[in-house]
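Presented below is the structure to which this report refers.
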Amino acid sequence: MRPETRQSMEMLFAAKWNLPKAAKNCNLTDKEMKITFNEYCRLNQSTYEIPDQLTKEVPLDPKPVYPPKK
């Protein structure tokens, strides 16, 4: 993979660039960038973790009701 293509993929993956900017950086069309990025996402694992909000350590507060009832 060319260095500019790798840079575009990493910036898209981290949501720091939008697709047109990444495509322009590596001289691809938007459609080519979508196809390439789709393959990149398929082959690379996510870098985030889904928080476990159902633990006893972090209780979820109930949502307030608007307007407040009197």
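Just so we're on the same page: first chain in the structure tokens is A, next is B, and so on; residues restart at 1 for each chain, and ligands are numbered from 1 in the order they show up.
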
*Name the residues in contact with Leu12 (chain A) at a cut-off of 10 Å, using only C-alpha atoms, excluding same-chain residues fewer than 3 positions from it; report them as a list of chain:residue names.*
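Everything that qualifies: A:Arg6, A:Gln7, A:Ser8, A:Met9, A:Ala15, A:Lys16, A:Trp17, A:Asn18, A:Leu19, A:Lys21, A:Ala22, A:Ala23, A:Phe37, A:Cys41.
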
Restricted to N, CA and C atoms, what would the selected residues look like written as a PDB file, in the first residue's frame?
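The result, written out as out_22.pdb:
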```
ATOM      1  N   ARG A   6      -2.122   4.663   2.816  1.00  0.00           N
ATOM      2  CA  ARG A   6      -2.144   4.213   4.220  1.00  0.00           C
ATOM      3  C   ARG A   6      -2.523   5.369   5.142  1.00  0.00           C
ATOM      4  N   GLN A   7      -1.968   6.555   4.888  1.00  0.00           N
ATOM      5  CA  GLN A   7      -2.293   7.718   5.702  1.00  0.00           C
ATOM      6  C   GLN A   7      -3.786   8.031   5.605  1.00  0.00           C
ATOM      7  N   SER A   8      -4.328   7.988   4.399  1.00  0.00           N
ATOM      8  CA  SER A   8      -5.758   8.266   4.218  1.00  0.00           C
ATOM      9  C   SER A   8      -6.620   7.247   4.956  1.00  0.00           C
ATOM     10  N   MET A   9      -6.239   5.973   4.866  1.00  0.00           N
ATOM     11  CA  MET A   9      -7.004   4.923   5.556  1.00  0.00           C
ATOM     12  C   MET A   9      -6.981   5.131   7.061  1.00  0.00           C
ATOM     13  N   ALA A  15     -11.559   8.685  12.089  1.00  0.00           N
ATOM     14  CA  ALA A  15     -12.579   9.722  11.893  1.00  0.00           C
ATOM     15  C   ALA A  15     -11.995  11.129  12.004  1.00  0.00           C
ATOM     16  N   LYS A  16     -10.791  11.309  11.501  1.00  0.00           N
ATOM     17  CA  LYS A  16     -10.165  12.632  11.508  1.00  0.00           C
ATOM     18  C   LYS A  16     -10.317  13.328  10.156  1.00  0.00           C
ATOM     19  N   TRP A  17     -10.555  12.561   9.107  1.00  0.00           N
ATOM     20  CA  TRP A  17     -10.781  13.099   7.766  1.00  0.00           C
ATOM     21  C   TRP A  17     -12.106  12.581   7.245  1.00  0.00           C
ATOM     22  N   ASN A  18     -12.691  13.328   6.314  1.00  0.00           N
ATOM     23  CA  ASN A  18     -13.871  12.809   5.626  1.00  0.00           C
ATOM     24  C   ASN A  18     -13.415  12.125   4.337  1.00  0.00           C
ATOM     25  N   LEU A  19     -14.331  11.436   3.679  1.00  0.00           N
ATOM     26  CA  LEU A  19     -13.978  10.631   2.514  1.00  0.00           C
ATOM     27  C   LEU A  19     -13.424  11.457   1.352  1.00  0.00           C
ATOM     28  N   LYS A  21     -11.726  14.229   1.362  1.00  0.00           N
ATOM     29  CA  LYS A  21     -10.376  14.679   1.689  1.00  0.00           C
ATOM     30  C   LYS A  21      -9.385  13.518   1.592  1.00  0.00           C
ATOM     31  N   ALA A  22      -9.767  12.350   2.091  1.00  0.00           N
ATOM     32  CA  ALA A  22      -8.894  11.182   2.035  1.00  0.00           C
ATOM     33  C   ALA A  22      -8.680  10.733   0.592  1.00  0.00           C
ATOM     34  N   ALA A  23      -9.732  10.763  -0.219  1.00  0.00           N
ATOM     35  CA  ALA A  23      -9.612  10.363  -1.621  1.00  0.00           C
ATOM     36  C   ALA A  23      -8.686  11.316  -2.376  1.00  0.00           C
ATOM     37  N   PHE A  37     -11.612   1.575   1.397  1.00  0.00           N
ATOM     38  CA  PHE A  37     -11.800   1.722   2.838  1.00  0.00           C
ATOM     39  C   PHE A  37     -12.675   0.603   3.399  1.00  0.00           C
ATOM     40  N   CYS A  41     -11.486  -1.735   6.447  1.00  0.00           N
ATOM     41  CA  CYS A  41     -12.271  -1.964   7.669  1.00  0.00           C
ATOM     42  C   CYS A  41     -12.538  -3.446   7.895  1.00  0.00           C
TER      43      CYS A  41
END
```

*In Å, with one decimal, what is the gap from CA of Cys26 (chain A) to CA of Tyr48 (chain A)?*
25.8 Å
